[in-house]
file final_26.csv (CSV, C-alpha atoms and all ligand atoms)
chain,number,residue,atom,x,y,z
L,1294,MET,CA,-20.8,-56.2,20.0
L,1295,SER,CA,-23.8,-58.1,21.3
L,1296,GLN,CA,-25.8,-60.4,19.1
L,1297,ASP,CA,-28.9,-58.2,19.7
L,1298,PHE,CA,-27.0,-55.2,18.3
L,1299,ARG,CA,-25.8,-57.2,15.3
L,1300,ASP,CA,-29.3,-58.4,14.6
L,1301,PHE,CA,-30.5,-54.8,14.9
L,1302,ILE,CA,-27.8,-53.5,12.5
L,1303,VAL,CA,-28.7,-56.0,9.8
L,1304,SER,CA,-32.3,-54.8,9.9
L,1305,LEU,CA,-31.2,-51.3,8.9
L,1306,PRO,CA,-30.5,-49.9,5.4
L,1307,THR,CA,-26.8,-50.1,4.9
L,1308,GLU,CA,-24.3,-48.4,2.5
L,1309,LYS,CA,-20.6,-48.4,2.1
L,1310,GLY,CA,-19.0,-45.9,4.5
L,1311,TRP,CA,-16.6,-43.0,3.8
L,1312,VAL,CA,-14.1,-44.2,6.4
L,1313,ALA,CA,-15.5,-47.2,8.3
L,1314,ASN,CA,-16.8,-50.1,6.2
L,1315,HIS,CA,-20.5,-49.3,6.6
L,1316,LEU,CA,-23.0,-46.6,7.3
L,1317,HIS,CA,-26.4,-47.6,8.7
L,1318,GLN,CA,-29.6,-45.5,8.4
L,1319,TYR,CA,-31.2,-45.0,11.8
L,1320,GLN,CA,-34.1,-42.6,12.5
L,1321,GLY,CA,-33.5,-41.2,9.0
L,1322,PHE,CA,-29.8,-40.5,9.4
L,1323,TRP,CA,-26.5,-42.3,8.5
L,1324,HIS,CA,-24.1,-43.6,11.2
L,1325,PRO,CA,-21.0,-45.7,11.1
L,1326,THR,CA,-21.5,-49.1,12.9
L,1327,ARG,CA,-19.3,-48.3,16.0
L,1328,GLN,CA,-20.8,-44.8,16.5
L,1329,LEU,CA,-24.3,-46.2,16.2
L,1330,LYS,CA,-23.7,-48.4,19.2
L,1331,GLY,CA,-22.9,-45.2,21.2
L,1332,VAL,CA,-25.9,-43.4,19.9
L,1333,ILE,CA,-28.3,-46.1,21.0
L,1334,ALA,CA,-26.6,-46.5,24.4
L,1335,CYS,CA,-26.7,-42.7,24.9
L,1336,GLN,CA,-30.4,-42.6,24.0
L,1337,ASN,CA,-31.1,-45.3,26.5
L,1338,HIS,CA,-28.9,-44.2,29.4
L,1339,PHE,CA,-28.0,-40.5,29.3
L,1340,GLN,CA,-29.7,-38.3,31.8
L,1341,ALA,CA,-29.5,-34.6,31.1
L,1342,GLN,CA,-29.4,-31.9,33.8
L,1343,GLU,CA,-31.4,-28.8,33.4
L,1344,ASN,CA,-28.4,-26.4,32.8
L,1345,ASP,CA,-26.5,-28.7,30.4
L,1346,ILE,CA,-25.5,-27.0,27.2
L,1347,PHE,CA,-25.4,-28.9,23.9
L,1348,LEU,CA,-23.2,-27.8,21.0
L,1349,ILE,CA,-24.5,-29.4,17.9
L,1350,THR,CA,-23.3,-29.5,14.3
L,1351,THR,CA,-23.0,-31.7,11.2
L,1352,PRO,CA,-19.4,-32.8,10.9
L,1353,LYS,CA,-17.0,-30.2,9.5
L,1354,SER,CA,-19.3,-27.2,10.2
L,1355,GLY,CA,-16.9,-25.6,12.7
L,1356,THR,CA,-17.5,-27.9,15.7
L,1357,THR,CA,-13.9,-27.4,17.0
L,1358,TRP,CA,-14.2,-23.6,16.9
L,1359,LEU,CA,-17.7,-23.6,18.6
L,1360,LYS,CA,-16.3,-25.9,21.3
L,1361,ALA,CA,-13.4,-23.6,22.0
L,1362,LEU,CA,-15.5,-20.4,21.9
L,1363,THR,CA,-18.2,-21.7,24.2
L,1364,PHE,CA,-15.7,-23.3,26.6
L,1365,ALA,CA,-13.8,-20.0,26.9
L,1366,LEU,CA,-17.0,-18.0,27.2
L,1367,VAL,CA,-18.7,-20.0,30.0
L,1368,ASN,CA,-15.5,-20.5,31.9
L,1369,ARG,CA,-14.1,-17.0,31.6
L,1370,VAL,CA,-14.3,-16.3,35.4
L,1371,ARG,CA,-12.5,-19.5,36.2
L,1372,PHE,CA,-9.8,-18.9,33.6
L,1373,PRO,CA,-9.6,-15.1,33.1
L,1374,ASN,CA,-6.2,-15.1,31.5
L,1375,PRO,CA,-6.2,-16.6,28.0
L,1376,LYS,CA,-2.4,-16.3,27.7
L,1377,GLU,CA,-1.5,-18.2,30.8
L,1378,ASN,CA,-2.8,-21.5,32.3
L,1379,HIS,CA,-5.8,-21.6,30.1
L,1380,PRO,CA,-7.0,-25.2,29.4
L,1381,LEU,CA,-7.3,-24.4,25.7
L,1382,LEU,CA,-3.6,-23.7,25.5
L,1383,THR,CA,-2.8,-27.3,26.3
L,1384,ASN,CA,-5.9,-29.3,25.4
L,1385,ASN,CA,-7.7,-29.8,22.1
L,1386,PRO,CA,-11.3,-28.4,22.3
L,1387,HIS,CA,-12.6,-31.9,21.7
L,1388,VAL,CA,-11.1,-33.0,24.9
L,1389,LEU,CA,-12.6,-30.1,26.9
L,1390,VAL,CA,-16.0,-30.6,25.3
L,1391,PRO,CA,-16.5,-34.3,24.4
L,1392,PHE,CA,-18.9,-35.8,22.0
L,1393,LEU,CA,-21.7,-37.1,24.1
L,1394,ASP,CA,-22.8,-40.2,22.2
L,1395,MET,CA,-19.2,-41.3,21.6
L,1396,ALA,CA,-18.7,-41.5,25.3
L,1397,TYR,CA,-21.2,-44.3,25.3
L,1398,ILE,CA,-19.5,-46.5,22.6
L,1399,ASP,CA,-17.8,-48.8,25.1
L,1400,THR,CA,-19.9,-48.2,28.3
L,1401,ASP,CA,-23.5,-47.6,29.3
L,1402,SER,CA,-22.4,-45.3,32.1
L,1403,PRO,CA,-19.5,-42.9,31.2
L,1404,ASP,CA,-18.1,-40.9,34.1
L,1405,PHE,CA,-19.1,-37.2,33.8
L,1406,SER,CA,-18.4,-36.5,37.5
L,1407,SER,CA,-15.4,-34.3,36.7
L,1408,PHE,CA,-17.5,-31.9,34.6
L,1409,THR,CA,-18.2,-28.5,36.2
L,1410,SER,CA,-21.5,-26.8,35.8
L,1411,PRO,CA,-22.8,-25.9,33.3
L,1412,ARG,CA,-21.8,-29.2,31.7
L,1413,LEU,CA,-20.9,-28.7,28.0
L,1414,PHE,CA,-21.5,-31.6,25.6
L,1415,SER,CA,-21.4,-31.8,21.9
L,1416,THR,CA,-22.9,-34.1,19.4
L,1417,HIS,CA,-23.6,-34.5,15.7
L,1418,LEU,CA,-26.9,-36.2,16.4
L,1419,PRO,CA,-29.9,-34.9,14.5
L,1420,PHE,CA,-32.7,-33.4,16.5
L,1421,VAL,CA,-34.9,-36.5,16.2
L,1422,SER,CA,-32.2,-38.7,17.8
L,1423,LEU,CA,-31.3,-36.6,20.8
L,1424,PRO,CA,-31.8,-38.4,24.2
L,1425,LYS,CA,-35.2,-37.7,25.5
L,1426,SER,CA,-34.2,-35.9,28.7
L,1427,VAL,CA,-32.5,-33.2,26.6
L,1428,GLU,CA,-35.9,-32.2,25.3
L,1429,ASP,CA,-37.8,-32.9,28.5
L,1430,LEU,CA,-35.6,-30.6,30.5
L,1431,GLY,CA,-35.5,-27.9,27.9
L,1432,CYS,CA,-31.7,-27.8,27.8
L,1433,LYS,CA,-30.1,-25.1,25.7
L,1434,ILE,CA,-28.8,-26.1,22.3
L,1435,VAL,CA,-26.4,-24.1,20.2
L,1436,TYR,CA,-26.5,-25.3,16.5
L,1437,LEU,CA,-23.8,-24.2,14.1
L,1438,CYS,CA,-24.2,-24.8,10.4
L,1439,ARG,CA,-21.9,-24.1,7.5
L,1440,ASN,CA,-22.6,-23.8,3.8
L,1441,PRO,CA,-22.9,-27.3,2.3
L,1442,LYS,CA,-20.2,-26.7,-0.3
L,1443,ASP,CA,-17.4,-25.9,2.2
L,1444,THR,CA,-18.8,-28.5,4.6
L,1445,PHE,CA,-18.6,-31.2,1.8
L,1446,VAL,CA,-15.1,-30.2,0.8
L,1447,SER,CA,-13.9,-30.2,4.4
L,1448,LEU,CA,-15.5,-33.6,5.0
L,1449,TYR,CA,-13.9,-35.0,1.8
L,1450,HIS,CA,-10.4,-34.0,3.1
L,1451,PHE,CA,-11.0,-35.1,6.7
L,1452,THR,CA,-12.4,-38.5,5.9
L,1453,ASN,CA,-9.6,-39.2,3.4
L,1454,ARG,CA,-7.1,-38.4,6.2
L,1455,LEU,CA,-8.9,-40.9,8.5
L,1456,ARG,CA,-8.9,-43.8,6.0
L,1457,HIS,CA,-6.4,-46.6,6.4
L,1458,LYS,CA,-3.5,-46.1,3.9
L,1459,GLU,CA,-4.1,-49.5,2.3
L,1460,LYS,CA,-7.7,-48.6,1.5
L,1461,GLY,CA,-6.6,-45.6,-0.6
L,1462,GLU,CA,-8.5,-42.3,-0.8
L,1463,ASN,CA,-12.2,-41.9,-1.7
L,1464,SER,CA,-12.6,-40.1,-5.1
L,1465,LEU,CA,-14.2,-36.7,-4.9
L,1466,GLU,CA,-16.9,-37.8,-7.4
L,1467,GLU,CA,-17.9,-40.9,-5.5
L,1468,VAL,CA,-18.3,-39.1,-2.1
L,1469,PHE,CA,-20.0,-36.1,-3.8
L,1470,ASP,CA,-22.7,-38.4,-5.1
L,1471,LYS,CA,-23.1,-39.9,-1.6
L,1472,PHE,CA,-23.3,-36.5,0.0
L,1473,CYS,CA,-26.0,-35.4,-2.5
L,1474,ARG,CA,-28.0,-38.6,-1.8
L,1475,GLY,CA,-27.7,-37.8,2.0
L,1476,VAL,CA,-25.4,-40.8,2.6
L,1477,SER,CA,-22.8,-39.0,4.7
L,1478,LEU,CA,-21.8,-38.9,8.4
L,1479,TYR,CA,-25.0,-37.9,10.2
L,1480,GLY,CA,-26.5,-36.9,6.8
L,1481,PRO,CA,-28.6,-36.0,5.0
L,1482,PHE,CA,-26.9,-32.7,5.6
L,1483,TRP,CA,-30.1,-30.7,4.7
L,1484,ASP,CA,-32.4,-32.6,6.9
L,1485,HIS,CA,-30.0,-32.2,9.8
L,1486,VAL,CA,-29.9,-28.4,9.4
L,1487,LEU,CA,-33.7,-28.2,8.8
L,1488,GLY,CA,-34.4,-30.1,12.0
L,1489,TYR,CA,-32.6,-27.6,14.2
L,1490,TRP,CA,-33.7,-24.6,12.1
L,1491,LYS,CA,-37.3,-25.4,12.8
L,1492,GLN,CA,-36.6,-25.9,16.5
L,1493,SER,CA,-34.9,-22.5,16.6
L,1494,LEU,CA,-37.9,-20.8,15.1
L,1495,GLU,CA,-40.3,-22.6,17.5
L,1496,ASN,CA,-38.3,-22.1,20.5
L,1497,PRO,CA,-35.7,-19.4,20.2
L,1498,LYS,CA,-34.9,-19.3,23.9
L,1499,ARG,CA,-33.9,-23.0,23.7
L,1500,VAL,CA,-32.2,-23.4,20.3
L,1501,LEU,CA,-29.8,-20.8,18.9
L,1502,PHE,CA,-29.1,-21.3,15.2
L,1503,LEU,CA,-25.7,-19.9,14.1
L,1504,LYS,CA,-23.9,-19.9,10.8
L,1505,TYR,CA,-20.1,-20.4,10.5
L,1506,GLU,CA,-19.9,-17.7,7.8
L,1507,ASP,CA,-21.7,-15.1,9.9
L,1508,PHE,CA,-19.5,-15.9,12.9
L,1509,LYS,CA,-16.4,-15.4,10.7
L,1510,GLU,CA,-17.7,-12.2,9.3
L,1511,GLU,CA,-18.8,-10.6,12.5
L,1512,PRO,CA,-17.2,-12.6,15.3
L,1513,LYS,CA,-17.8,-10.0,18.1
L,1514,LEU,CA,-21.5,-9.6,17.4
L,1515,HIS,CA,-22.0,-13.4,17.3
L,1516,LEU,CA,-20.0,-14.1,20.4
L,1517,LYS,CA,-22.1,-11.5,22.2
L,1518,LYS,CA,-25.2,-13.2,20.8
L,1519,LEU,CA,-24.0,-16.5,22.1
L,1520,SER,CA,-23.3,-15.1,25.6
L,1521,GLU,CA,-26.7,-13.6,25.8
L,1522,PHE,CA,-28.4,-16.8,24.7
L,1523,LEU,CA,-26.4,-18.8,27.3
L,1524,GLU,CA,-27.4,-16.2,29.9
L,1525,CYS,CA,-23.8,-15.1,30.6
L,1526,PRO,CA,-23.7,-11.8,28.8
L,1527,PHE,CA,-20.6,-9.6,28.9
L,1528,SER,CA,-20.7,-6.8,31.4
L,1529,GLU,CA,-19.8,-3.3,30.4
L,1530,GLU,CA,-16.6,-3.7,32.3
L,1531,GLU,CA,-15.7,-6.8,30.4
L,1532,GLU,CA,-16.4,-5.1,27.1
L,1533,ASN,CA,-14.1,-2.2,28.2
L,1534,HIS,CA,-11.4,-4.7,29.1
L,1535,THR,CA,-11.6,-6.3,25.7
L,1536,VAL,CA,-12.6,-9.7,27.1
L,1537,ILE,CA,-14.5,-10.4,23.9
L,1538,ASP,CA,-11.4,-9.8,21.8
L,1539,GLN,CA,-9.3,-12.0,24.1
L,1540,ILE,CA,-11.7,-14.9,23.7
L,1541,LEU,CA,-11.8,-14.5,19.9
L,1542,ASN,CA,-8.1,-14.3,19.7
L,1543,LEU,CA,-7.6,-17.3,21.9
L,1544,CYS,CA,-10.0,-19.4,19.7
L,1545,SER,CA,-8.9,-18.1,16.3
L,1546,PHE,CA,-7.8,-20.5,13.7
L,1547,ASP,CA,-4.3,-19.1,13.7
L,1548,ASN,CA,-3.8,-19.3,17.4
L,1549,LEU,CA,-5.3,-22.8,18.0
L,1550,SER,CA,-3.8,-24.4,15.0
L,1551,ASN,CA,-0.3,-23.2,16.0
L,1552,LEU,CA,-0.4,-24.5,19.6
L,1553,GLU,CA,1.9,-27.4,20.2
L,1554,VAL,CA,-1.0,-29.6,21.4
L,1555,ASN,CA,-2.8,-29.1,18.2
L,1556,LYS,CA,0.2,-29.5,16.0
L,1557,THR,CA,1.5,-32.8,17.5
L,1558,GLY,CA,-1.2,-34.2,19.8
L,1559,LYS,CA,-3.8,-36.9,19.3
L,1560,LEU,CA,-7.3,-37.4,20.7
L,1561,PRO,CA,-8.0,-40.4,23.0
L,1562,SER,CA,-10.0,-41.8,20.1
L,1563,GLY,CA,-6.8,-41.7,17.9
L,1564,GLU,CA,-7.4,-38.8,15.5
L,1565,GLU,CA,-4.5,-36.3,15.1
L,1566,ASN,CA,-5.5,-32.9,16.5
L,1567,CYS,CA,-4.1,-31.2,13.5
L,1568,ALA,CA,-6.7,-32.9,11.3
L,1569,PHE,CA,-9.3,-30.5,12.8
L,1570,PHE,CA,-7.5,-27.5,11.4
L,1571,ARG,CA,-7.1,-27.4,7.7
L,1572,ARG,CA,-7.8,-23.9,6.1
L,1573,GLY,CA,-10.7,-22.5,8.1
L,1574,GLU,CA,-11.8,-20.2,5.3
L,1575,ILE,CA,-15.1,-19.4,3.5
L,1576,GLY,CA,-15.2,-20.5,-0.1
L,1577,ASP,CA,-12.4,-23.1,-0.4
L,1578,TYR,CA,-15.0,-25.1,-2.4
L,1579,LYS,CA,-14.1,-23.0,-5.4
L,1580,ASN,CA,-10.7,-24.9,-5.5
L,1581,PHE,CA,-12.3,-28.3,-5.6
L,1582,LEU,CA,-15.8,-28.4,-7.1
L,1583,THR,CA,-16.7,-28.2,-10.7
L,1584,LYS,CA,-19.4,-25.9,-12.0
L,1585,GLU,CA,-21.8,-28.8,-12.3
L,1586,MET,CA,-21.2,-29.9,-8.7
L,1587,LEU,CA,-21.8,-26.4,-7.5
L,1588,GLU,CA,-25.0,-26.1,-9.4
L,1589,LYS,CA,-26.2,-29.5,-8.0
L,1590,LEU,CA,-25.5,-28.4,-4.4
L,1591,ASP,CA,-27.2,-25.0,-4.9
L,1592,HIS,CA,-30.2,-26.8,-6.5
L,1593,LEU,CA,-30.5,-29.2,-3.5
L,1594,THR,CA,-30.2,-26.4,-1.0
L,1595,LYS,CA,-32.9,-24.3,-2.8
L,1596,GLU,CA,-35.1,-27.3,-2.9
L,1597,LYS,CA,-34.6,-28.6,0.6
L,1598,LEU,CA,-33.9,-25.4,2.6
L,1599,PRO,CA,-35.8,-22.7,0.8
L,1600,ALA,CA,-36.2,-20.7,4.0
L,1601,LEU,CA,-32.6,-20.7,4.7
L,1602,LEU,CA,-30.3,-20.1,1.8
L,1603,LEU,CA,-26.9,-20.8,3.1
N,1,LIG,P1,-11.8,-26.6,6.5
N,1,LIG,O1,-11.6,-28.0,6.3
N,1,LIG,O2,-12.6,-25.9,5.5
N,1,LIG,O3,-10.5,-25.8,6.7
N,1,LIG,P2,-15.2,-29.4,12.6
N,1,LIG,O4,-14.6,-28.6,13.7
N,1,LIG,O5,-16.7,-29.4,12.6
N,1,LIG,O6,-14.6,-30.7,12.4
N,1,LIG,O7,-14.9,-28.5,11.3
N,1,LIG,C1,-13.6,-28.4,10.8
N,1,LIG,C2,-13.5,-27.2,9.9
N,1,LIG,O8,-13.5,-26.0,10.8
N,1,LIG,C3,-12.2,-27.2,9.1
N,1,LIG,O9,-12.6,-26.4,7.9
N,1,LIG,C4,-11.3,-26.4,10.0
N,1,LIG,O10,-10.2,-25.8,9.3
N,1,LIG,C5,-12.2,-25.3,10.5
N,1,LIG,N1,-11.8,-24.7,11.8
N,1,LIG,C6,-11.2,-25.4,12.8
N,1,LIG,N2,-10.9,-24.5,13.8
N,1,LIG,C7,-11.3,-23.3,13.4
N,1,LIG,C8,-11.3,-22.0,14.0
N,1,LIG,N3,-10.7,-21.8,15.2
N,1,LIG,N4,-11.8,-21.0,13.3
N,1,LIG,C9,-12.4,-21.2,12.1
N,1,LIG,N5,-12.4,-22.4,11.5
N,1,LIG,C10,-11.9,-23.4,12.1

call {"tool": "encode", "arguments": {"input": "final_26.csv", "output": "structure tokens"}}
result
Amino acid sequence: MSQDFRDFIVSLPTEKGWVANHLHQYQGFWHPTRQLKGVIACQNHFQAQENDIFLITTPKSGTTWLKALTFALVNRVRFPNPKENHPLLTNNPHVLVPFLDMAYIDTDSPDFSSFTSPRLFSTHLPFVSLPKSVEDLGCKIVYLCRNPKDTFVSLYHFTNRLRHKEKGENSLEEVFDKFCRGVSLYGPFWDHVLGYWKQSLENPKRVLFLKYEDFKEEPKLHLKKLSEFLECPFSEEEENHTVIDQILNLCSFDNLSNLEVNKTGKLPSGEENCAFFRRGEIGDYKNFLTKEMLEKLDHLTKEKLPALLL
């Protein structure tokens, strides 16, 4: 890390991290030290193309699922058979749709030359921190949010898996307090959601705002919505040939989590692929959060997202 970056980091508000040692508040949101390096390099160097598609979430809102669905959707002509030779059968969705800012952690010029058009990128960056060219070129953004209770529980489990054994696990109470104060990966959760919610209202052709729970409850309807937003709607013939169902089955929690690559593989960044598949259900928070915790999260959501009760 350069001395300039170190000097910059010490000028930012800093708190103890959930996994890494520190989180730093930059443009109103919290980032681990290493990731922040990527964010700043990405802001300075990434050049979007007009038909790039950005899949954006807060961590643990269903990013893996959204990546799989969108990859299968936009590439359905190249890979028409979801049972044979489909890249999702042998690659984790995070490999097929990489995190944009993380590609900049160790270099100012990552190689995206192998990407086919439209390029699919993902990020957890809040709207205010997106690289300028994404906004200037009016690139399409798909935002997926999830109710904060399940998102928090999922984040609690995921970050404990990522922590070094010798550090021990974070206590639920400690990280719950942090989450409520907004001190979580790319948090505050509510500000993140609100930023994209507002953009989706102002510019619905550019930003599609989806909810994990809605997608789970009516997957067909939402996949069609996504295809229309991305200007690759299903033809009548495709609908008759159950292409929608095939994509949904390919990307289902049961199918993806049981693939060998996702049971035993690892990402280039070191995380085990299986860490991205835990339960994949709505309402698991009931098994972990006390009545007081639920009331607190509900209160925060009512206060901060009155227009969008999750
Ligand atoms: P749980 O921890 O509640 O099970 P992300 O992909 O943003 O990291 O989010 C991970 C969450 O999405 C986890 O939630 C995971 O189980 C769930 N998930 C992963 N793949 C999924 C799929 N294909 N369908 C539905 N949920 C999925």

call {"tool": "residues_around", "arguments": {"input": "final_26.csv", "residues": "Asn1463 of chain L", "least_positions_apart": "5", "cutoff": "9 Å", "atoms": "all atoms listed in the file", "output": "list in words"}}
result
Trp1311, Val1312, Tyr1449, Thr1452, Asn1453, Arg1456 and Val1468 of chain L

call {"tool": "atom_distance", "arguments": {"input": "final_26.csv", "atom1": "atom CA of Leu1366 of chain L", "atom2": "atom CA of Ser1410 of chain L"}}
result
13.1 Å

call {"tool": "residues_near_ligand", "arguments": {"input": "final_26.csv", "ligand": "ligand LIG 1 (chain N)", "cutoff": "6 Å", "atoms": "all atoms listed in the file", "output": "VMD selection string"}}
result
chain L and resid 1352 to 1358 1443 1447 1544 to 1546 1569 to 1574

call {"tool": "residues_around", "arguments": {"input": "final_26.csv", "residues": "segment 1591-1595 of chain L", "least_positions_apart": "4", "cutoff": "9 Å", "atoms": "all atoms listed in the file", "output": "CSV table (one decimal) with C-alpha atoms, in the coordinates of the input"}}
result
chain,number,residue,atom,x,y,z
L,1441,PRO,CA,-22.9,-27.3,2.3
L,1442,LYS,CA,-20.2,-26.7,-0.3
L,1473,CYS,CA,-26.0,-35.4,-2.5
L,1483,TRP,CA,-30.1,-30.7,4.7
L,1586,MET,CA,-21.2,-29.9,-8.7
L,1587,LEU,CA,-21.8,-26.4,-7.5
L,1599,PRO,CA,-35.8,-22.7,0.8
L,1600,ALA,CA,-36.2,-20.7,4.0
L,1601,LEU,CA,-32.6,-20.7,4.7
L,1602,LEU,CA,-30.3,-20.1,1.8
L,1603,LEU,CA,-26.9,-20.8,3.1

call {"tool": "atom_distance", "arguments": {"input": "final_26.csv", "atom1": "atom CA of Leu1437 of chain L", "atom2": "atom CA of Lys1504 of chain L"}}
result
5.4 Å

call {"tool": "closest_residue", "arguments": {"input": "final_26.csv", "among": "L:Leu1305, L:Val1536, L:Lys1376, L:Asp1401", "to": "Leu1552 of chain L", "atoms": "only C-alpha atoms"}}
result
L:Lys1376

call {"tool": "atom_distance", "arguments": {"input": "final_26.csv", "atom1": "atom CA of Gln1320 of chain L", "atom2": "atom CA of Gln1342 of chain L"}}
result
24.3 Å

call {"tool": "closest_residue", "arguments": {"input": "final_26.csv", "among": "L:Phe1364, L:Arg1327, L:Lys1517, L:Leu1590", "to": "Asn1384 of chain L", "atoms": "all atoms listed in the file"}}
result
L:Phe1364

call {"tool": "closest_residue", "arguments": {"input": "final_26.csv", "among": "L:Lys1556, L:Lys1433, L:His1417, L:Lys1360", "to": "Phe1502 of chain L", "atoms": "only C-alpha atoms"}}
result
L:Lys1433
